[in-house]
file model_37.cif (mmCIF, C-alpha atoms)
data_protein
loop_
_atom_site.label_atom_id
_atom_site.label_comp_id
_atom_site.auth_asym_id
_atom_site.auth_seq_id
_atom_site.Cartn_x
_atom_site.Cartn_y
_atom_site.Cartn_z
CA MET A 25 -59.67 40.14 128.76
CA THR A 26 -59.86 40.02 124.94
CA LEU A 27 -58.61 42.75 122.61
CA ASN A 28 -62.12 43.65 121.50
CA LYS A 29 -63.08 44.38 125.04
CA ARG A 30 -60.03 46.68 125.52
CA LEU A 31 -60.61 49.01 122.48
CA PRO A 32 -63.39 51.14 123.96
CA PHE A 33 -61.09 51.92 126.89
CA LEU A 34 -58.24 53.13 124.59
CA GLU A 35 -60.62 55.41 122.71
CA GLN A 36 -60.92 57.48 125.87
CA PHE A 37 -57.33 58.69 125.28
CA PRO A 38 -57.24 60.21 121.74
CA GLN A 39 -53.74 60.88 120.28
CA PRO A 40 -52.62 64.37 119.02
CA LYS A 41 -50.70 64.63 115.76
CA LEU A 42 -48.14 67.40 115.15
CA ASN A 43 -48.59 69.51 112.03
CA ILE A 44 -46.31 72.50 111.09
CA SER A 45 -47.17 75.02 108.39
CA GLU A 46 -43.54 75.21 107.15
CA THR A 47 -40.65 72.86 107.83
CA LYS A 48 -38.33 74.22 105.13
CA ILE A 49 -37.86 77.98 105.18
CA SER A 50 -35.66 79.80 102.65
CA LEU A 51 -35.03 83.55 102.88
CA ARG A 52 -32.63 86.36 102.00
CA GLY A 53 -31.85 89.40 104.08
CA PHE A 54 -29.68 91.17 106.64
CA GLY A 55 -30.02 92.57 110.13
CA LEU A 56 -33.17 91.57 112.00
CA ILE A 57 -35.68 89.37 110.15
CA TYR A 58 -39.06 88.42 111.62
CA GLY A 59 -41.46 85.66 110.63
CA ALA A 60 -43.97 83.15 111.98
CA ILE A 61 -45.00 79.53 111.63
CA GLU A 62 -48.25 77.84 112.61
CA ILE A 63 -48.33 74.67 114.70
CA SER A 64 -51.58 72.74 114.74
CA ASN A 65 -53.02 69.41 115.82
CA ALA A 66 -53.94 67.05 112.95
CA GLY A 67 -55.11 64.38 115.42
CA ASP A 68 -57.29 64.26 118.50
CA GLY A 69 -56.89 65.53 122.02
CA VAL A 70 -54.79 68.58 122.96
CA LEU A 71 -51.34 69.26 121.46
CA ALA A 72 -48.57 70.53 123.79
CA GLY A 73 -44.83 70.89 123.36
CA SER A 74 -41.83 73.18 122.87
CA ILE A 75 -39.60 74.57 120.11
CA ALA A 76 -35.85 75.09 120.42
CA SER A 77 -33.13 76.50 118.16
CA ILE A 78 -29.56 75.23 118.03
CA SER A 79 -28.30 78.60 116.69
CA ASP A 80 -27.76 81.73 118.79
CA PHE A 81 -29.04 84.02 116.03
CA LEU A 82 -32.41 82.22 115.76
CA SER A 83 -34.99 82.59 118.53
CA PHE A 84 -38.70 81.78 119.01
CA SER A 85 -41.56 83.27 120.97
CA PRO A 86 -43.18 81.53 122.72
CA GLU A 87 -40.79 78.63 123.19
CA SER A 88 -43.50 76.34 124.61
CA PHE A 89 -47.10 75.92 123.52
CA GLU A 90 -50.37 74.14 124.29
CA GLY A 91 -53.41 74.13 122.03
CA ASN A 92 -54.66 72.80 118.77
CA LYS A 93 -53.58 75.84 116.76
CA VAL A 94 -50.83 78.24 117.86
CA THR A 95 -48.67 80.82 116.12
CA ILE A 96 -44.94 80.82 116.92
CA GLU A 97 -42.94 83.92 115.93
CA TYR A 98 -39.25 83.68 115.04
CA THR A 99 -36.47 86.29 114.92
CA LEU A 100 -33.23 86.05 112.95
CA ASP A 101 -30.47 88.47 114.03
CA LEU A 102 -28.10 88.45 111.04
CA GLY A 103 -26.22 91.64 111.94
CA GLY A 104 -22.90 89.90 112.49
CA ILE A 105 -23.27 87.16 109.86
CA SER A 106 -22.37 86.94 106.20
CA GLY A 107 -22.61 84.34 103.46
CA GLU A 108 -24.98 81.38 103.13
CA ILE A 109 -25.97 79.51 106.29
CA LEU A 110 -28.23 76.67 107.46
CA ALA A 111 -30.02 76.61 110.78
CA ASN A 112 -32.37 74.14 112.45
CA ALA A 113 -35.11 74.17 115.05
CA VAL A 114 -36.55 71.11 116.77
CA VAL A 115 -40.24 70.88 117.72
CA THR A 116 -40.98 68.31 120.44
CA SER A 117 -44.63 67.65 121.28
CA SER A 118 -47.19 65.22 122.53
CA GLY A 119 -48.00 64.62 118.87
CA GLY A 120 -44.48 63.82 117.75
CA GLU A 121 -41.19 65.51 116.86
CA ARG A 122 -40.26 67.47 113.73
CA VAL A 123 -37.26 69.50 112.49
CA ILE A 124 -37.61 72.89 110.77
CA ASP A 125 -34.80 73.74 108.34
CA PHE A 126 -33.82 77.39 107.68
CA HIS A 127 -31.80 78.15 104.55
CA ILE A 128 -30.54 81.74 104.77
CA ILE A 129 -28.61 83.83 102.26
CA VAL A 130 -27.28 86.90 104.03
CA ASN A 131 -27.40 89.94 101.75
CA PRO A 132 -25.64 92.96 103.32
CA PRO A 133 -27.54 96.10 102.43
CA ASP A 134 -26.28 98.84 100.16
CA VAL A 135 -27.60 101.33 102.71
CA LEU A 136 -27.81 101.61 106.47
CA GLU A 137 -31.09 102.75 107.97
CA ARG A 138 -31.24 104.20 111.49
CA ASP A 139 -33.61 106.63 113.18
CA GLY A 140 -35.10 107.75 109.86
CA TYR A 141 -31.68 108.26 108.24
CA VAL A 142 -30.85 106.36 105.06
CA MET A 143 -27.07 106.18 104.70
CA ALA A 144 -25.64 105.24 101.34
CA ASP A 145 -22.11 106.58 101.84
CA LEU A 146 -19.77 108.02 104.47
CA SER A 147 -21.09 111.55 103.96
CA ASP A 148 -24.55 110.34 104.98
CA PHE A 149 -23.03 108.57 107.99
CA ALA A 150 -21.14 111.72 109.00
CA GLU A 151 -24.39 113.71 109.00
CA TYR A 152 -26.04 110.99 111.07
CA ALA A 153 -23.11 111.10 113.53
CA ARG A 154 -23.42 114.89 113.83
CA THR A 155 -27.05 114.70 114.98
CA ASN A 156 -27.09 111.25 116.65
CA THR A 157 -23.63 111.03 118.19
CA ILE A 158 -24.23 108.28 120.75
CA ALA A 159 -26.18 106.04 118.34
CA ALA A 160 -23.55 106.54 115.61
CA ARG A 161 -20.79 105.66 118.06
CA SER A 162 -22.55 102.37 118.85
CA LEU A 163 -23.18 101.60 115.17
CA PHE A 164 -19.55 102.37 114.27
CA ALA A 165 -18.33 99.65 116.65
CA ARG A 166 -20.66 96.94 115.29
CA HIS A 167 -19.74 94.23 112.81
CA GLU A 168 -22.71 95.42 110.78
CA PHE A 169 -20.87 98.67 110.03
CA MET A 170 -17.80 96.83 108.75
CA VAL A 171 -20.00 94.65 106.52
CA TRP A 172 -21.59 97.83 105.15
CA LEU A 173 -18.13 99.20 104.35
CA LEU A 174 -17.27 95.93 102.63
CA ASN A 175 -20.45 96.02 100.62
CA MET A 176 -19.68 99.49 99.25
CA ASN A 177 -16.08 98.46 98.44
CA TYR A 178 -14.42 100.64 101.06
CA SER A 179 -10.70 100.23 100.29
CA GLN A 180 -9.10 100.91 103.68
CA LEU A 181 -10.64 98.40 106.05
CA ASP A 182 -7.28 97.96 107.78
CA ILE A 183 -7.39 101.63 108.80
CA TYR A 184 -10.98 101.24 110.00
CA GLU A 185 -10.03 98.23 112.14
CA LYS A 186 -7.05 100.04 113.64
CA ILE A 187 -9.10 103.15 114.47
CA ALA A 188 -12.06 101.11 115.79
CA ALA A 189 -9.73 99.31 118.23
CA ASP A 190 -9.36 102.54 120.24
CA PRO A 191 -11.16 101.94 123.57
CA ASN A 192 -12.34 105.57 123.51
CA LYS A 193 -15.18 105.08 121.00
CA GLU A 194 -16.00 108.78 120.78
CA ARG A 195 -12.43 109.55 119.74
CA ALA A 196 -12.36 106.53 117.39
CA LEU A 197 -15.48 107.67 115.52
CA ASP A 198 -14.14 111.21 115.21
CA ASN A 199 -10.73 110.05 113.97
CA PHE A 200 -12.40 107.84 111.35
CA LEU A 201 -14.48 110.72 109.97
CA VAL A 202 -11.49 113.09 110.01
CA PHE A 203 -9.32 110.49 108.24
CA ASN A 204 -11.93 110.15 105.50
CA GLY A 205 -12.29 113.91 105.09
CA GLU A 206 -15.88 114.01 106.35
CA LYS A 207 -15.17 116.60 109.09
CA MET A 208 -12.46 118.83 110.52
CA LYS A 209 -10.68 118.01 113.74
CA ALA A 210 -12.18 120.11 116.53
CA LYS A 211 -9.94 122.62 118.27
CA ILE A 212 -10.54 124.30 121.63
CA LEU A 213 -9.86 128.03 121.43
CA PRO A 214 -10.30 130.88 123.94
CA GLU A 215 -12.81 133.57 123.06
CA THR A 216 -10.26 136.10 124.34
CA ARG A 217 -6.57 135.59 125.01
CA ASP A 218 -6.13 138.48 127.45
CA LEU A 219 -8.02 139.09 130.68
CA SER A 220 -7.33 141.88 133.18
CA HIS A 221 -8.30 142.57 136.79
CA SER A 222 -7.73 145.64 138.94
CA ILE A 223 -7.58 144.51 142.53
CA SER A 224 -8.22 146.71 145.53
CA ILE A 225 -6.21 146.42 148.73
CA THR A 226 -9.45 145.37 150.49
CA ASP A 227 -10.25 142.48 148.11
CA THR A 228 -9.82 139.03 149.62
CA ALA A 229 -10.51 137.02 146.44
CA ILE A 230 -11.32 137.77 142.81
CA THR A 231 -13.12 135.33 140.51
CA GLY A 232 -13.31 135.20 136.74
CA SER A 233 -13.76 132.78 133.86
CA ILE A 234 -12.09 131.81 130.61
CA VAL A 235 -14.66 131.24 127.84
CA LEU A 236 -13.62 128.50 125.43
CA ARG A 237 -15.12 127.52 122.10
CA LYS A 238 -14.93 124.18 120.30
CA THR A 239 -14.47 124.95 116.60
CA THR A 240 -16.75 122.17 115.31
CA TRP A 241 -18.84 119.21 116.44
CA GLY A 242 -17.31 115.94 117.50
CA PHE A 243 -14.59 114.78 119.84
CA ALA A 244 -12.25 117.25 121.52
CA GLU A 245 -10.29 117.30 124.75
CA CYS A 246 -7.51 119.35 126.30
CA SER A 247 -5.62 119.85 129.53
CA LEU A 248 -5.24 123.25 131.21
CA GLU A 249 -2.30 124.34 133.30
CA VAL A 250 -1.11 127.54 134.92
CA ILE A 251 2.58 127.78 133.98
CA GLN A 252 3.15 131.28 135.36
CA GLY A 253 1.37 132.78 138.34
CA GLU A 254 0.34 129.40 139.75
CA LYS A 255 0.83 130.68 143.29
CA TRP A 256 -1.92 133.30 143.05
CA LEU A 257 -4.19 131.88 140.28
CA LYS A 258 -6.15 128.62 140.63
CA LEU A 259 -8.35 126.96 137.95
CA SER A 260 -11.63 125.09 138.57
CA LYS A 261 -10.65 122.30 136.13
CA SER A 262 -7.45 120.89 134.71
CA LYS A 263 -9.07 118.98 131.81
CA LEU A 264 -11.93 119.43 129.34
CA VAL A 265 -13.76 116.80 127.27
CA SER A 266 -16.47 117.05 124.61
CA SER A 267 -19.34 116.73 127.08
CA ASP A 268 -18.22 119.93 128.86
CA PHE A 269 -19.40 122.03 125.89
CA ASP A 270 -22.97 123.21 125.43
CA ASP A 271 -25.11 123.16 122.26
CA GLU A 272 -23.29 126.25 121.00
CA ASN A 273 -19.89 124.58 121.55
CA LEU A 274 -19.07 126.91 124.46
CA THR A 275 -17.82 126.25 127.97
CA GLN A 276 -16.23 128.18 130.84
CA ILE A 277 -13.25 127.51 133.07
CA HIS A 278 -13.57 129.45 136.31
CA TYR A 279 -10.59 130.76 138.22
CA ILE A 280 -9.84 132.54 141.49
CA ILE A 281 -7.16 135.14 142.15
CA MET A 282 -5.74 135.30 145.69
CA PRO A 283 -4.38 138.83 146.22
CA GLU A 284 -2.31 137.92 149.27
CA TYR A 285 0.18 136.21 146.94
CA LEU A 286 0.39 139.09 144.46
CA SER A 287 2.95 141.81 144.01
CA GLU A 288 1.83 145.06 142.41
CA ARG A 289 1.45 143.82 138.80
CA GLU A 290 1.68 140.25 137.57
CA THR A 291 0.63 138.17 134.58
CA ALA A 292 -0.40 134.53 134.75
CA ILE A 293 -0.20 132.30 131.68
CA VAL A 294 -2.74 129.48 131.24
CA THR A 295 -1.90 126.90 128.57
CA ILE A 296 -4.64 125.02 126.71
CA ASP A 297 -2.90 121.83 125.62
CA GLY A 298 -5.09 120.49 122.81
CA GLU A 299 -5.18 120.69 119.02
CA GLY A 300 -4.74 124.47 119.17
CA ASN A 301 -2.06 124.69 121.91
CA GLU A 302 -3.34 128.11 122.93
CA LYS A 303 -2.33 130.46 125.75
CA VAL A 304 -4.41 132.86 127.82
CA HIS A 305 -2.82 135.76 129.71
CA ILE A 306 -4.52 136.86 132.92
CA ARG A 307 -3.18 140.16 134.22
CA ALA A 308 -3.69 141.37 137.77
CA SER A 309 -2.95 144.96 138.77
CA PHE A 310 -2.80 145.09 142.52
CA ALA A 311 -3.35 148.46 144.25
CA PRO A 312 -0.56 148.79 146.85
CA ALA A 313 -1.19 150.03 150.36
CA PHE A 314 -0.11 153.52 149.35
CA SER A 315 1.14 155.63 146.48
CA ALA A 316 3.89 158.20 146.95
CA ARG A 317 5.25 161.05 144.84
CA LEU A 318 7.26 164.24 145.19
CA ASP A 319 6.04 167.71 144.33
CA LYS A 320 9.03 167.95 141.94
CA GLN A 321 11.92 165.76 140.86
CA SER A 322 14.80 168.26 140.80
CA PHE A 323 16.05 170.24 143.80
CA PHE A 324 18.80 172.68 144.58
CA PHE A 325 21.52 171.90 147.10
CA ASP A 326 19.60 174.06 149.55
CA ASP A 327 15.88 173.57 148.93
CA LYS A 328 12.49 172.43 150.27
CA GLY A 329 9.98 169.87 149.01
CA LYS A 330 6.92 167.86 149.79
CA LEU A 331 6.38 164.09 149.92
CA ILE A 332 2.74 163.39 148.97
CA ILE A 333 1.29 160.05 150.12
CA GLU A 334 -2.16 158.62 149.34
CA ASN A 335 -3.34 155.82 151.62
CA ASN A 336 -5.32 153.06 149.80
CA THR A 337 -6.05 150.81 152.79
CA GLY A 338 -9.13 152.53 154.19
CA HIS A 339 -7.53 152.80 157.64
CA ASP A 340 -4.60 154.69 159.22
CA LEU A 341 -1.23 153.52 157.93
CA LEU A 342 2.18 153.54 159.57
CA ILE A 343 5.00 154.45 157.18
CA ASP A 344 8.79 154.63 157.55
CA ILE A 345 10.95 156.98 155.50
CA ASN A 346 14.55 156.14 154.61
CA CYS A 347 16.87 158.64 152.92
CA GLU A 348 20.37 160.05 153.08
CA ASN A 349 21.19 162.41 155.92
CA TYR A 350 21.18 165.57 153.81
CA VAL A 351 17.48 164.96 153.01
CA LYS A 352 15.88 166.03 156.27
CA PHE A 353 12.39 165.12 157.54
CA ALA A 354 10.96 166.14 160.91
CA ALA A 355 10.62 162.40 161.72
CA ARG A 356 11.31 159.04 160.10
CA ARG A 357 7.97 157.40 161.01
CA TYR A 358 4.45 158.78 160.44
CA HIS A 359 0.83 157.73 160.96
CA ILE A 360 -1.18 158.93 158.00
CA GLY A 361 -4.87 159.02 157.19
CA LYS A 362 -6.24 159.03 153.67
CA MET A 363 -3.65 161.53 152.42
CA ALA A 364 -0.59 163.31 153.78
CA GLU A 365 1.83 166.00 152.59
CA ILE A 366 5.09 165.72 154.51
CA ASP A 367 7.64 168.57 154.30
CA PHE A 368 11.36 167.94 153.94
CA GLU A 369 14.48 170.00 153.34
CA ILE A 370 17.64 169.54 151.28
CA LYS A 371 20.81 170.56 153.13
CA PHE A 372 23.71 169.57 150.94
CA GLY A 373 26.72 170.59 153.02
CA SER A 374 29.72 172.63 151.81
CA PHE A 375 32.04 169.65 152.13
CA LYS A 376 29.89 167.59 149.78
CA GLN A 377 29.61 170.50 147.37
CA ALA A 378 33.41 170.88 147.39
CA SER A 379 33.75 167.17 146.69
CA LEU A 380 31.50 167.50 143.65
CA SER A 381 33.39 170.61 142.48
CA PHE A 382 36.65 168.67 142.69
CA LYS A 383 35.14 166.04 140.43
CA LYS A 384 33.80 168.81 138.15
CA GLN A 385 30.29 167.49 138.78
CA MET A 386 27.52 170.02 139.39
CA TYR A 387 24.76 167.60 140.45
CA ALA A 388 24.14 164.62 142.71
CA GLU A 389 21.64 161.73 142.74
CA THR A 390 19.82 160.67 145.89
CA PHE A 391 16.58 158.93 146.92
CA ILE A 392 13.64 158.81 149.32
CA HIS A 393 12.36 155.32 150.16
CA VAL A 394 8.93 154.90 151.80
CA VAL A 395 8.01 151.56 153.41
CA ALA A 396 4.74 150.38 155.00
CA ILE A 397 3.63 147.10 156.52
CA ASP A 398 -0.08 146.30 156.31
CA ALA A 399 -1.85 142.98 157.02
CA GLY A 400 1.47 141.20 157.07
CA LYS A 401 2.58 142.48 153.65
CA THR A 402 5.40 144.95 153.07
CA TYR A 403 4.97 147.71 150.49
CA GLY A 404 7.73 150.02 149.35
CA LYS A 405 8.21 152.94 146.97
CA ARG A 406 11.62 154.37 146.06
CA MET A 407 11.80 157.82 144.45
CA GLU A 408 14.91 159.18 142.79
CA LEU A 409 15.91 162.84 143.23
CA THR A 410 18.41 165.01 141.36
CA LEU A 411 20.21 167.79 143.29
CA TRP A 412 21.76 170.78 141.48
CA GLY A 413 24.14 173.50 142.51
CA GLY A 414 22.97 177.11 142.69
#
call {"tool": "encode", "arguments": {"input": "model_37.cif", "output": "structure tokens"}}
result
Amino acid sequence: MTLNKRLPFLEQFPQPKLNISETKISLRGFGLIYGAIEISNAGDGVLAGSIASISDFLSFSPESFEGNKVTIEYTLDLGGISGEILANAVVTSSGGERVIDFHIIVNPPDVLERDGYVMADLSDFAEYARTNTIAARSLFARHEFMVWLLNMNYSQLDIYEKIAADPNKERALDNFLVFNGEKMKAKILPETRDLSHSISITDTAITGSIVLRKTTWGFAECSLEVIQGEKWLKLSKSKLVSSDFDDENLTQIHYIIMPEYLSERETAIVTIDGEGNEKVHIRASFAPAFSARLDKQSFFFDDKGKLIIENNTGHDLLIDINCENYVKFAARRYHIGKMAEIDFEIKFGSFKQASLSFKKQMYAETFIHVVAIDAGKTYGKRMELTLWGG
């Protein structure tokens, strides 16, 4: 077969020819930069192929194409890059292969722009952090932020790098702003430092809360511990962090008082171990099973009196009375209702009076001790008496 006879057959397979709108691209900028190139067919048939970048910061969409005229978008992420750089992309197609050269001069901005905020200095960034804490925390940890500091001639980059190395990014951001005088360090303070509870004998548990205030926005944390009264007072939390506080910088720590471990009056001390190192006193006044008093405090050597007992339990109470033998009750054990008046006599014998006279002492001291056991707890009241000669 001759060549002339073969040509009509080859014409059935027309050849595409790759054409690119730009193969040398020069630009200046920082952060994310977007652009587009046009790939077209300068020959016959249908053009098909792909485009690939050899640099991580340069990407294309779509990466493959088919058609005689397509638009390929590119994205440059220059957030972590500085200086002057060259990048390449290779286009491989049915119409040939071409290289696209990118010449980029990275210009860090004088300002940062995020969420509608334009930040030209650290005061602007502090205001952004106050209202967009999570976003600011993320920005603070990026290389872009350090480049911004460099661009505005921030003189203490070594301090920034040391603070930014803290794995707790919320604390790191706060420490950076405090160091630069853009905010005060937040303290956690109690709204009141003294709380009181009057507890009835019938109470099985008493609950309350300590209201705490964070003095300003930003990072704060503290530990809480009961250092006195830990047997009868339990806290709902032992630690607080920034997220525990509401929009008004308030939070509550709940506690429970267990009366079965209380004596009559006790004070618990709760320490707030943070920037403020505060203490809260929680006082519990526990109503005993009974109260007891005498109708008078002074008696003659030969006299009568009354022991007055008020029962706080709500049910009959068994009491025992202990005293010296010249203080005489009809019995030493009594069942009492809500209230009882129990008569007694003073019979200070002549021998004891003579003993006092020998000592030239005209009075004596004695006592009446009342004891009750209720619900497994023992309650006692000791009353002092003074006895006088006639």
call {"tool": "resolve_selection", "arguments": {"input": "model_37.cif", "expression": "the PyMOL selection byres ((chain A and resi 77) around 12)", "output": "ChimeraX atom specification"}}
result
/A:74-76,78-85,87,98-100,110-116,123-126
call {"tool": "resolve_selection", "arguments": {"input": "model_37.cif", "expression": "the PyMOL selection byres ((chain A and resi 66) around 7)", "output": "MDAnalysis selection string"}}
result
chainID A and resid 40:43 64:65 67
call {"tool": "closest_residue", "arguments": {"input": "model_37.cif", "among": "A:Ala396, A:Ala160, A:Met386, A:Leu136", "to": "Asn336 in chain A", "atoms": "all atoms listed in the file"}}
result
A:Ala396
call {"tool": "closest_residue", "arguments": {"input": "model_37.cif", "among": "A:Ala399, A:Ala388, A:Val304, A:Leu286", "to": "Leu342 in chain A", "atoms": "all atoms listed in the file"}}
result
A:Ala399
call {"tool": "resolve_selection", "arguments": {"input": "model_37.cif", "expression": "the PyMOL selection byres ((chain A and resi 354-359) around 12)", "output": "MDAnalysis selection string"}}
result
chainID A and resid 330:331 333 335 339:349 351:353 360:369 392:397
call {"tool": "residues_near_point", "arguments": {"input": "model_37.cif", "point": "(-49.6, 77.3, 109.5)", "cutoff": "10 Å", "atoms": "all atoms listed in the file", "output": "list in words"}}
result
Asn43, Ile44, Ser45, Glu46, Ala60, Ile61, Glu62, Ile63, Ser64, Lys93, Val94, Thr95 and Ile96 of chain A
call {"tool": "atom_distance", "arguments": {"input": "model_37.cif", "atom1": "CA of Lys238 in chain A", "atom2": "CA of Phe269 in chain A"}}
result
7.5 Å
call {"tool": "atom_distance", "arguments": {"input": "model_37.cif", "atom1": "CA of Lys48 in chain A", "atom2": "CA of Arg122 in chain A"}}
result
11.1 Å
call {"tool": "closest_residue", "arguments": {"input": "model_37.cif", "among": "A:Gly119, A:Gly400, A:Pro312, A:Gly53", "to": "Val70 in chain A", "atoms": "all atoms listed in the file"}}
result
A:Gly119
call {"tool": "atom_distance", "arguments": {"input": "model_37.cif", "atom1": "CA of Gly59 in chain A", "atom2": "CA of Ile109 in chain A"}}
result
17.2 Å
call {"tool": "closest_residue", "arguments": {"input": "model_37.cif", "among": "A:Ile277, A:Leu259, A:Ala308, A:Met143", "to": "Ala292 in chain A", "atoms": "only C-alpha atoms"}}
result
A:Ala308
call {"tool": "closest_residue", "arguments": {"input": "model_37.cif", "among": "A:Lys320, A:His167, A:Arg138, A:Lys371", "to": "Gly103 in chain A", "atoms": "only C-alpha atoms"}}
result
A:His167
call {"tool": "closest_residue", "arguments": {"input": "model_37.cif", "among": "A:Gln385, A:Ser222, A:Gln39, A:Thr337", "to": "Asp398 in chain A", "atoms": "all atoms listed in the file"}}
result
A:Thr337
call {"tool": "residues_around", "arguments": {"input": "model_37.cif", "residues": "range 192-200 of chain A", "least_positions_apart": "3", "cutoff": "7 Å", "atoms": "only C-alpha atoms", "output": "PyMOL selection string"}}
result
chain A and resi 161+164+184+187-188+203-204+242-243
call {"tool": "axis_aligned_box", "arguments": {"input": "model_37.cif", "around": "range 208-222 of chain A", "padding_each_side": "6 Å", "output": "JSON"}}
result
{"center_x": -9.5, "center_y": 131.8, "center_z": 124.7, "size_x": 18.7, "size_y": 39.6, "size_z": 40.4}
